[in-house]
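**Student:** Supplied structure: target_16.cif, mmCIF, C-alpha atoms, pLDDT in the B column; chains and numbers go by the auth columns.
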data_input
#
loop_
_atom_site.group_PDB
_atom_site.id
_atom_site.type_symbol
_atom_site.label_atom_id
_atom_site.label_comp_id
_atom_site.label_asym_id
_atom_site.label_seq_id
_atom_site.Cartn_x
_atom_site.Cartn_y
_atom_site.Cartn_z
_atom_site.B_iso_or_equiv
_atom_site.auth_seq_id
_atom_site.auth_asym_id
ATOM 1 C CA ALA A 1 83.118 -200.539 -59.471 65.00 350 B
ATOM 2 C CA GLN A 2 84.325 -198.190 -62.159 75.00 351 B
ATOM 3 C CA LYS A 3 86.091 -195.170 -60.758 90.00 352 B
ATOM 4 C CA ILE A 4 85.358 -193.054 -63.828 95.00 353 B
ATOM 5 C CA THR A 5 82.285 -193.434 -66.027 95.00 354 B
ATOM 6 C CA GLN A 6 81.781 -191.775 -69.362 96.00 355 B
ATOM 7 C CA THR A 7 78.389 -192.791 -70.712 95.00 356 B
ATOM 8 C CA GLN A 8 78.605 -191.149 -74.132 95.00 357 B
ATOM 9 C CA PRO A 9 80.608 -193.263 -76.571 93.00 358 B
ATOM 10 C CA GLY A 10 80.118 -190.626 -79.278 95.00 359 B
ATOM 11 C CA MET A 11 78.884 -187.071 -79.558 96.00 360 B
ATOM 12 C CA PHE A 12 78.255 -184.736 -82.469 97.00 361 B
ATOM 13 C CA VAL A 13 78.257 -180.959 -82.341 97.00 362 B
ATOM 14 C CA GLN A 14 77.848 -178.249 -84.929 97.00 363 B
ATOM 15 C CA GLU A 15 80.831 -176.017 -85.456 97.00 364 B
ATOM 16 C CA LYS A 16 80.717 -172.901 -83.232 97.00 365 B
ATOM 17 C CA GLU A 17 78.223 -174.521 -80.856 97.00 366 B
ATOM 18 C CA ALA A 18 78.925 -175.578 -77.285 98.00 367 B
ATOM 19 C CA VAL A 19 79.023 -179.221 -76.202 98.00 368 B
ATOM 20 C CA THR A 20 79.058 -180.990 -72.837 98.00 369 B
ATOM 21 C CA LEU A 21 80.869 -184.275 -72.323 98.00 370 B
ATOM 22 C CA ASP A 22 79.712 -186.196 -69.276 98.00 371 B
ATOM 23 C CA CYS A 23 81.874 -187.730 -66.582 98.00 372 B
ATOM 24 C CA THR A 24 80.927 -189.233 -63.240 97.00 373 B
ATOM 25 C CA TYR A 25 83.354 -190.571 -60.693 96.00 374 B
ATOM 26 C CA ASP A 26 83.339 -192.809 -57.673 94.00 375 B
ATOM 27 C CA THR A 27 85.561 -192.335 -54.674 92.00 376 B
ATOM 28 C CA SER A 28 85.257 -192.272 -50.919 90.00 377 B
ATOM 29 C CA ASP A 29 88.399 -190.213 -50.496 89.00 378 B
ATOM 30 C CA PRO A 30 87.733 -186.529 -49.731 90.00 379 B
ATOM 31 C CA SER A 31 90.913 -185.517 -51.570 88.00 380 B
ATOM 32 C CA TYR A 32 90.977 -186.154 -55.270 90.00 381 B
ATOM 33 C CA GLY A 33 91.696 -184.482 -58.573 91.00 382 B
ATOM 34 C CA LEU A 34 89.835 -184.669 -61.843 94.00 383 B
ATOM 35 C CA PHE A 35 91.440 -184.279 -65.254 94.00 384 B
ATOM 36 C CA TRP A 36 90.359 -184.146 -68.857 96.00 385 B
ATOM 37 C CA TYR A 37 92.592 -185.231 -71.716 96.00 386 B
ATOM 38 C CA LYS A 38 92.134 -184.982 -75.467 97.00 387 B
ATOM 39 C CA GLN A 39 93.383 -187.644 -77.850 96.00 388 B
ATOM 40 C CA PRO A 40 93.259 -186.610 -81.514 95.00 389 B
ATOM 41 C CA SER A 41 93.551 -189.136 -84.302 92.00 390 B
ATOM 42 C CA SER A 42 97.323 -188.764 -84.243 89.00 391 B
ATOM 43 C CA GLY A 43 97.250 -190.571 -80.909 90.00 392 B
ATOM 44 C CA GLU A 44 98.945 -188.289 -78.416 90.00 393 B
ATOM 45 C CA MET A 45 97.281 -187.498 -75.084 93.00 394 B
ATOM 46 C CA ILE A 46 96.879 -183.782 -74.436 94.00 395 B
ATOM 47 C CA PHE A 47 96.071 -182.405 -70.990 92.00 396 B
ATOM 48 C CA LEU A 48 93.146 -179.965 -71.058 95.00 397 B
ATOM 49 C CA ILE A 49 91.956 -179.042 -67.601 95.00 398 B
ATOM 50 C CA TYR A 50 92.152 -179.929 -63.920 92.00 399 B
ATOM 51 C CA GLN A 51 89.725 -179.647 -60.979 93.00 400 B
ATOM 52 C CA GLY A 52 90.674 -180.328 -57.367 91.00 401 B
ATOM 53 C CA SER A 53 88.094 -181.682 -54.952 92.00 402 B
ATOM 54 C CA TYR A 54 88.549 -178.719 -52.658 91.00 403 B
ATOM 55 C CA ASP A 55 88.430 -176.090 -55.365 90.00 404 B
ATOM 56 C CA GLN A 56 85.504 -173.753 -54.763 89.00 405 B
ATOM 57 C CA GLN A 57 85.171 -172.577 -58.333 94.00 406 B
ATOM 58 C CA ASN A 58 84.819 -174.484 -61.563 96.00 407 B
ATOM 59 C CA ALA A 59 88.038 -174.700 -63.532 95.00 408 B
ATOM 60 C CA THR A 60 88.318 -172.901 -66.848 96.00 409 B
ATOM 61 C CA GLU A 61 91.019 -172.967 -69.524 95.00 410 B
ATOM 62 C CA GLY A 62 90.219 -170.950 -72.602 97.00 411 B
ATOM 63 C CA ARG A 63 87.287 -172.584 -74.358 97.00 412 B
ATOM 64 C CA TYR A 64 87.264 -175.452 -71.865 98.00 413 B
ATOM 65 C CA SER A 65 85.413 -175.373 -68.583 97.00 414 B
ATOM 66 C CA LEU A 66 84.695 -178.057 -66.060 97.00 415 B
ATOM 67 C CA ASN A 67 81.209 -178.224 -64.581 97.00 416 B
ATOM 68 C CA PHE A 68 82.035 -179.677 -61.179 97.00 417 B
ATOM 69 C CA GLN A 69 79.080 -180.915 -59.142 96.00 418 B
ATOM 70 C CA LYS A 70 80.560 -182.514 -56.078 94.00 419 B
ATOM 71 C CA ALA A 71 77.352 -183.842 -54.553 94.00 420 B
ATOM 72 C CA ARG A 72 76.502 -185.583 -57.797 96.00 421 B
ATOM 73 C CA LYS A 73 80.104 -186.711 -58.287 96.00 422 B
ATOM 74 C CA SER A 74 80.139 -185.340 -61.783 97.00 423 B
ATOM 75 C CA ALA A 75 82.834 -183.439 -63.654 97.00 424 B
ATOM 76 C CA ASN A 76 81.496 -182.618 -67.074 98.00 425 B
ATOM 77 C CA LEU A 77 83.667 -180.932 -69.684 98.00 426 B
ATOM 78 C CA VAL A 78 82.124 -178.031 -71.559 98.00 427 B
ATOM 79 C CA ILE A 79 83.697 -176.954 -74.834 98.00 428 B
ATOM 80 C CA SER A 80 82.443 -173.623 -76.081 97.00 429 B
ATOM 81 C CA ALA A 81 82.524 -172.415 -79.696 97.00 430 B
ATOM 82 C CA SER A 82 83.483 -175.832 -81.084 97.00 431 B
ATOM 83 C CA GLN A 83 86.082 -175.962 -83.820 97.00 432 B
ATOM 84 C CA LEU A 84 86.808 -178.659 -86.377 97.00 433 B
ATOM 85 C CA GLY A 85 90.082 -179.323 -84.594 97.00 434 B
ATOM 86 C CA ASP A 86 88.163 -180.327 -81.477 98.00 435 B
ATOM 87 C CA SER A 87 87.177 -183.601 -83.136 98.00 436 B
ATOM 88 C CA ALA A 88 88.920 -186.207 -81.009 98.00 437 B
ATOM 89 C CA MET A 89 88.532 -188.690 -78.166 97.00 438 B
ATOM 90 C CA TYR A 90 88.113 -187.088 -74.756 98.00 439 B
ATOM 91 C CA PHE A 91 89.040 -188.878 -71.569 97.00 440 B
ATOM 92 C CA CYS A 92 88.062 -188.038 -68.029 97.00 441 B
ATOM 93 C CA ALA A 93 90.486 -189.189 -65.332 94.00 442 B
ATOM 94 C CA MET A 94 90.790 -189.116 -61.563 93.00 443 B
ATOM 95 C CA ARG A 95 93.612 -189.170 -59.079 88.00 444 B
ATOM 96 C CA GLU A 96 92.419 -190.052 -55.588 84.00 445 B
ATOM 97 C CA GLY A 97 93.996 -189.522 -52.218 74.00 446 B
ATOM 98 C CA PRO A 98 96.810 -187.217 -51.186 68.00 447 B
ATOM 99 C CA GLY A 99 100.136 -188.391 -52.440 65.00 448 B
ATOM 100 C CA ALA A 100 98.655 -190.645 -55.087 65.00 449 B
ATOM 101 C CA ASN A 101 100.205 -190.199 -58.471 66.00 450 B
ATOM 102 C CA ASN A 102 98.406 -192.503 -60.864 74.00 451 B
ATOM 103 C CA LEU A 103 95.369 -191.539 -62.908 83.00 452 B
ATOM 104 C CA PHE A 104 92.359 -193.746 -63.518 88.00 453 B
ATOM 105 C CA PHE A 105 90.816 -193.112 -66.918 92.00 454 B
ATOM 106 C CA GLY A 106 87.299 -193.455 -68.255 94.00 455 B
ATOM 107 C CA THR A 107 86.510 -195.163 -71.536 93.00 456 B
ATOM 108 C CA GLY A 108 86.341 -191.917 -73.440 95.00 457 B
ATOM 109 C CA THR A 109 83.906 -190.017 -75.632 97.00 458 B
ATOM 110 C CA ARG A 110 84.514 -189.508 -79.326 97.00 459 B
ATOM 111 C CA LEU A 111 83.525 -185.981 -80.309 98.00 460 B
ATOM 112 C CA THR A 112 82.871 -185.113 -83.922 98.00 461 B
ATOM 113 C CA VAL A 113 82.499 -181.481 -84.909 98.00 462 B
ATOM 114 C CA ILE A 114 80.312 -181.005 -87.968 97.00 463 B
ATOM 115 C CA PRO A 115 81.072 -178.109 -90.315 95.00 464 B
ATOM 116 C CA ASP B 1 111.493 -178.158 -74.099 61.00 799 S
ATOM 117 C CA ALA B 2 111.501 -181.842 -74.953 80.00 800 S
ATOM 118 C CA GLY B 3 108.471 -183.828 -73.924 92.00 801 S
ATOM 119 C CA VAL B 4 108.297 -187.488 -73.008 95.00 802 S
ATOM 120 C CA ILE B 5 110.150 -189.443 -75.669 96.00 803 S
ATOM 121 C CA GLN B 6 109.195 -192.998 -76.534 97.00 804 S
ATOM 122 C CA SER B 7 110.739 -195.453 -78.917 96.00 805 S
ATOM 123 C CA PRO B 8 110.027 -197.196 -81.125 97.00 806 S
ATOM 124 C CA ARG B 9 106.880 -195.478 -82.414 96.00 807 S
ATOM 125 C CA HIS B 10 105.826 -198.631 -84.213 96.00 808 S
ATOM 126 C CA GLU B 11 106.865 -202.216 -83.678 96.00 809 S
ATOM 127 C CA VAL B 12 105.708 -205.271 -85.564 97.00 810 S
ATOM 128 C CA THR B 13 106.962 -208.584 -84.297 97.00 811 S
ATOM 129 C CA GLU B 14 106.106 -212.230 -84.316 97.00 812 S
ATOM 130 C CA MET B 15 104.640 -214.158 -81.447 97.00 813 S
ATOM 131 C CA GLY B 16 107.291 -215.397 -79.085 96.00 814 S
ATOM 132 C CA GLN B 17 109.756 -212.610 -79.739 97.00 815 S
ATOM 133 C CA GLU B 18 111.028 -210.249 -77.082 97.00 816 S
ATOM 134 C CA VAL B 19 109.856 -206.653 -77.273 98.00 817 S
ATOM 135 C CA THR B 20 111.489 -203.730 -75.497 98.00 818 S
ATOM 136 C CA LEU B 21 109.840 -200.335 -75.336 98.00 819 S
ATOM 137 C CA ARG B 22 111.808 -197.322 -74.174 98.00 820 S
ATOM 138 C CA CYS B 23 110.915 -194.076 -72.497 98.00 821 S
ATOM 139 C CA LYS B 24 112.728 -190.901 -71.583 97.00 822 S
ATOM 140 C CA PRO B 25 110.665 -188.790 -69.161 96.00 823 S
ATOM 141 C CA ILE B 26 110.689 -185.029 -68.970 94.00 824 S
ATOM 142 C CA SER B 27 113.756 -183.819 -67.127 94.00 825 S
ATOM 143 C CA GLY B 28 112.981 -183.073 -63.496 91.00 826 S
ATOM 144 C CA HIS B 29 109.879 -185.235 -63.323 91.00 827 S
ATOM 145 C CA ASN B 30 110.091 -187.817 -60.579 88.00 828 S
ATOM 146 C CA SER B 31 107.126 -190.021 -61.449 89.00 829 S
ATOM 147 C CA LEU B 32 106.905 -192.254 -64.499 92.00 830 S
ATOM 148 C CA PHE B 33 103.970 -194.289 -65.696 93.00 831 S
ATOM 149 C CA TRP B 34 103.394 -197.000 -68.269 95.00 832 S
ATOM 150 C CA TYR B 35 99.883 -197.285 -69.698 95.00 833 S
ATOM 151 C CA ARG B 36 98.442 -199.648 -72.277 96.00 834 S
ATOM 152 C CA GLN B 37 95.582 -198.632 -74.542 95.00 835 S
ATOM 153 C CA THR B 38 93.339 -201.075 -76.392 93.00 836 S
ATOM 154 C CA MET B 39 89.904 -200.742 -77.893 87.00 837 S
ATOM 155 C CA MET B 40 88.500 -203.344 -75.539 86.00 838 S
ATOM 156 C CA ARG B 41 90.003 -202.186 -72.260 86.00 839 S
ATOM 157 C CA GLY B 42 90.773 -198.526 -72.817 88.00 840 S
ATOM 158 C CA LEU B 43 93.693 -197.002 -70.926 92.00 841 S
ATOM 159 C CA GLU B 44 95.121 -199.288 -68.272 91.00 842 S
ATOM 160 C CA LEU B 45 97.882 -198.392 -65.862 91.00 843 S
ATOM 161 C CA LEU B 46 100.533 -201.086 -65.963 94.00 844 S
ATOM 162 C CA ILE B 47 103.092 -199.750 -63.527 93.00 845 S
ATOM 163 C CA TYR B 48 104.374 -196.539 -62.104 89.00 846 S
ATOM 164 C CA PHE B 49 107.646 -195.434 -60.574 91.00 847 S
ATOM 165 C CA ASN B 50 108.377 -192.700 -58.107 88.00 848 S
ATOM 166 C CA ASN B 51 111.994 -191.600 -57.825 89.00 849 S
ATOM 167 C CA ASN B 52 112.987 -194.616 -59.930 92.00 850 S
ATOM 168 C CA VAL B 53 111.342 -197.059 -57.516 91.00 851 S
ATOM 169 C CA PRO B 54 108.359 -199.148 -58.661 91.00 852 S
ATOM 170 C CA ILE B 55 105.399 -198.156 -56.520 86.00 853 S
ATOM 171 C CA ASP B 56 102.502 -200.069 -57.999 85.00 854 S
ATOM 172 C CA ASP B 57 102.878 -202.860 -60.544 89.00 855 S
ATOM 173 C CA SER B 58 99.497 -204.437 -59.932 87.00 856 S
ATOM 174 C CA GLY B 59 98.454 -203.607 -63.474 88.00 857 S
ATOM 175 C CA MET B 60 101.202 -205.644 -65.080 92.00 858 S
ATOM 176 C CA PRO B 61 99.326 -208.437 -66.841 85.00 859 S
ATOM 177 C CA GLU B 62 101.613 -211.338 -66.047 83.00 860 S
ATOM 178 C CA ASP B 63 105.182 -212.444 -65.659 89.00 861 S
ATOM 179 C CA ARG B 64 105.854 -211.900 -69.319 95.00 862 S
ATOM 180 C CA PHE B 65 105.859 -208.176 -68.633 96.00 863 S
ATOM 181 C CA SER B 66 108.637 -206.424 -66.770 96.00 864 S
ATOM 182 C CA ALA B 67 109.606 -202.794 -66.328 97.00 865 S
ATOM 183 C CA LYS B 68 112.740 -201.122 -65.124 96.00 866 S
ATOM 184 C CA MET B 69 113.862 -197.618 -64.375 97.00 867 S
ATOM 185 C CA PRO B 70 117.636 -197.706 -63.876 96.00 868 S
ATOM 186 C CA ASN B 71 117.890 -193.927 -63.591 94.00 869 S
ATOM 187 C CA ALA B 72 115.763 -190.797 -63.597 93.00 870 S
ATOM 188 C CA SER B 73 115.988 -190.346 -67.345 95.00 871 S
ATOM 189 C CA PHE B 74 115.236 -193.787 -68.715 96.00 872 S
ATOM 190 C CA SER B 75 112.723 -196.598 -68.391 98.00 873 S
ATOM 191 C CA THR B 76 111.999 -199.785 -70.295 98.00 874 S
ATOM 192 C CA LEU B 77 108.988 -202.018 -70.619 98.00 875 S
ATOM 193 C CA LYS B 78 109.821 -205.508 -71.778 97.00 876 S
ATOM 194 C CA ILE B 79 107.516 -208.254 -72.992 97.00 877 S
ATOM 195 C CA GLN B 80 109.010 -211.719 -73.262 96.00 878 S
ATOM 196 C CA PRO B 81 107.643 -213.750 -74.943 96.00 879 S
ATOM 197 C CA SER B 82 105.170 -211.558 -76.787 96.00 880 S
ATOM 198 C CA GLU B 83 101.699 -212.759 -77.748 96.00 881 S
ATOM 199 C CA PRO B 84 99.108 -211.401 -80.202 96.00 882 S
ATOM 200 C CA ARG B 85 96.928 -210.211 -77.327 95.00 883 S
ATOM 201 C CA ASP B 86 99.717 -207.838 -76.318 96.00 884 S
ATOM 202 C CA SER B 87 99.019 -205.782 -79.437 97.00 885 S
ATOM 203 C CA ALA B 88 98.190 -202.293 -78.196 97.00 886 S
ATOM 204 C CA VAL B 89 99.495 -198.777 -77.923 97.00 887 S
ATOM 205 C CA TYR B 90 101.817 -198.405 -74.962 98.00 888 S
ATOM 206 C CA PHE B 91 102.122 -194.948 -73.474 97.00 889 S
ATOM 207 C CA CYS B 92 104.762 -193.649 -71.155 96.00 890 S
ATOM 208 C CA ALA B 93 103.939 -190.582 -69.059 93.00 891 S
ATOM 209 C CA SER B 94 105.753 -188.529 -66.481 92.00 892 S
ATOM 210 C CA SER B 95 104.793 -185.992 -63.850 88.00 893 S
ATOM 211 C CA LEU B 96 106.310 -183.943 -61.095 82.00 894 S
ATOM 212 C CA GLY B 97 104.558 -186.272 -58.704 64.00 895 S
ATOM 213 C CA THR B 98 103.168 -183.537 -56.565 53.00 896 S
ATOM 214 C CA TRP B 99 99.622 -183.401 -55.345 49.00 897 S
ATOM 215 C CA GLY B 100 97.320 -181.006 -57.114 51.00 898 S
ATOM 216 C CA THR B 101 97.754 -179.979 -60.696 59.00 899 S
ATOM 217 C CA GLY B 102 100.525 -182.459 -61.302 69.00 900 S
ATOM 218 C CA GLU B 103 99.120 -183.602 -64.574 81.00 901 S
ATOM 219 C CA LEU B 104 100.676 -186.447 -66.493 86.00 902 S
ATOM 220 C CA PHE B 105 102.561 -185.597 -69.655 91.00 903 S
ATOM 221 C CA PHE B 106 102.299 -188.375 -72.180 93.00 904 S
ATOM 222 C CA GLY B 107 104.642 -189.524 -74.878 94.00 905 S
ATOM 223 C CA GLU B 108 103.350 -190.191 -78.369 93.00 906 S
ATOM 224 C CA GLY B 109 102.998 -193.882 -77.667 96.00 907 S
ATOM 225 C CA SER B 110 104.494 -197.063 -79.079 97.00 908 S
ATOM 226 C CA ARG B 111 102.143 -199.034 -81.275 97.00 909 S
ATOM 227 C CA LEU B 112 102.894 -202.727 -80.910 98.00 910 S
ATOM 228 C CA THR B 113 101.580 -205.358 -83.267 97.00 911 S
ATOM 229 C CA VAL B 114 102.286 -208.991 -82.469 97.00 912 S
ATOM 230 C CA LEU B 115 101.545 -211.357 -85.333 96.00 913 S
#
Would you mind writing the structure in this file as structure tokens?
**Tutor:**
Amino acid sequence: AQKITQTQPGMFVQEKEAVTLDCTYDTSDPSYGLFWYKQPSSGEMIFLIYQGSYDQQNATEGRYSLNFQKARKSANLVISASQLGDSAMYFCAMREGPGANNLFFGTGTRLTVIP
Amino acid sequence: DAGVIQSPRHEVTEMGQEVTLRCKPISGHNSLFWYRQTMMRGLELLIYFNNNVPIDDSGMPEDRFSAKMPNASFSTLKIQPSEPRDSAVYFCASSLGTWGTGELFFGEGSRLTVL
């Protein structure tokens, strides 16, 4: 079974609007961490935001917030006030278990911001 | 501060040739990861090291692939002999290897084309 599922291959959003990128995960471990990365066309992977499984509040980093719904095993990324520079691939990833170091990535969502 | 440094950025070679990709992790990071990214399979973890010791190499495709980390500041991924299906972007990443917000910092990737 896929550990991370991103069901939206592509998304469009109008500049200055908010957009939600979906991510669901599968794990039986009570300790895990969820990450979002951005990959612009230049190819580098940029860390955006992190949510721990025991965190009580949703993570926020500037215009990025993570809508963490533990019972549904979802960790959606919300980008507010979209900018043209937000056009990129977005990957959801999970690290499971204490002491585990490797990340499992989803297949990504390509976001296009329309002027 | 210098990030993860990979070389070469681009490599074009012919089938059957040996390819060596190099990575310098961020100083002080004790975990190093090699990922491969293709359109078909997305981001796949090939191998990761903790304190220079290979921890999980189950993602290494076959015996043609080998990775070493002779010291804390250098790692190589070698493909011998290379095949066209090895064409991909290979990312090296490093982290502090601690539980929690120990996100992975990625290099800019090495784009390999095998003709």
**Student:** Applying the PyMOL selection byres ((chain B) within 10 of (chain S)) to the file I just gave you, which residues come out? Please list them as a ChimeraX atom specification.
**Tutor:** /B:380-386,391-402,440,444-457
**Student:** Rank nothing, just name the residue among S:Pro868, S:Gly801, S:Pro852, S:Pro879 nearest to Val817 of chain S, using only C-alpha atoms.
**Tutor:**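 Answer, going by the shortest atom-to-atom distance: S:Pro879.
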**Student:** Need the shell around Gln878 of chain S: protein/DNA/RNA residues with any atom at most 12 Å away, counting all atoms listed in the file. Skip same-chain ones fewer than 5 positions apart. Format as a PyMOL selection string?
**Tutor:** chain S and resi 811-819+860-865+884+912
**Student:** Run the PyMOL selection byres ((chain B and resi 417-425) around 9) on the file and write out the hits as a list in words.
**Tutor:**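 Those residues are Thr369, Leu370, Asp371, Cys372, Thr373, Tyr374, Asp375, Thr376, Leu383, Phe384, Gln400, Ser402, Gln406, Asn407, Ala408, Ser414, Leu415, Asn416, Leu426, Val427 and Cys441 of chain B.
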**Student:** Write out as a PyMOL selection string each polymer residue whose atoms come within 7 Å of Leu910 of chain S, counting all atoms listed in the file; drop sequence neighbours fewer than 6 positions from it.
**Tutor:** chain S and resi 808-810+885-887
**Student:** May I ask for the distance between atom CA of Ser805 of chain S and atom CA of Tyr439 of chain B, given in Å to one decimal place?
**Tutor:** 24.5 Å
**Student:** Return as JSON the box centre and box size in Å, one decimal, for an axis-aligned box around all listed atoms of segment 406-424 of chain B padded by 8 Å per side.
**Tutor:**
{"center_x": 83.8, "center_y": -178.8, "center_z": -64.5, "size_x": 30.5, "size_y": 31.8, "size_z": 35.8}
**Student:** Where does the PyMOL selection byres ((chain B and resi 428-437) around 6) land in this file, that is, which residues does it pick, as a ChimeraX atom specification?
**Tutor:** /B:364-368,388-389,412-413,427,438,459-462
**Student:** Please measure the separation of atom CA of Pro379 of chain B and atom CA of Gln351 of chain B, giving the value in Å to one decimal.
**Tutor:**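 Computed distance, atom CA of Pro379 of chain B to atom CA of Gln351 of chain B, equals 17.4 Å.
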**Student:** Between atom CA of Met867 of chain S and atom CA of Asn850 of chain S, what is the distance in Å, rounded to a tenth?
**Tutor:**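 Taking atom CA of Met867 of chain S and atom CA of Asn850 of chain S, their separation equals 5.4 Å.
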**Student:** Counting only C-alpha atoms, which of S:Pro882, S:Arg834, S:Asn849, S:Asn869 gets nearest to Lys822 of chain S?
**Tutor:** S:Asn869
**Student:** Ranking B:Pro464, B:Lys387, B:Ala442, B:Tyr403 by minimum distance to Gln355 of chain B and counting all atoms listed in the file, which one comes first?
**Tutor:**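 Counting all atoms listed in the file, the residue closest to Gln355 of chain B is B:Ala442.
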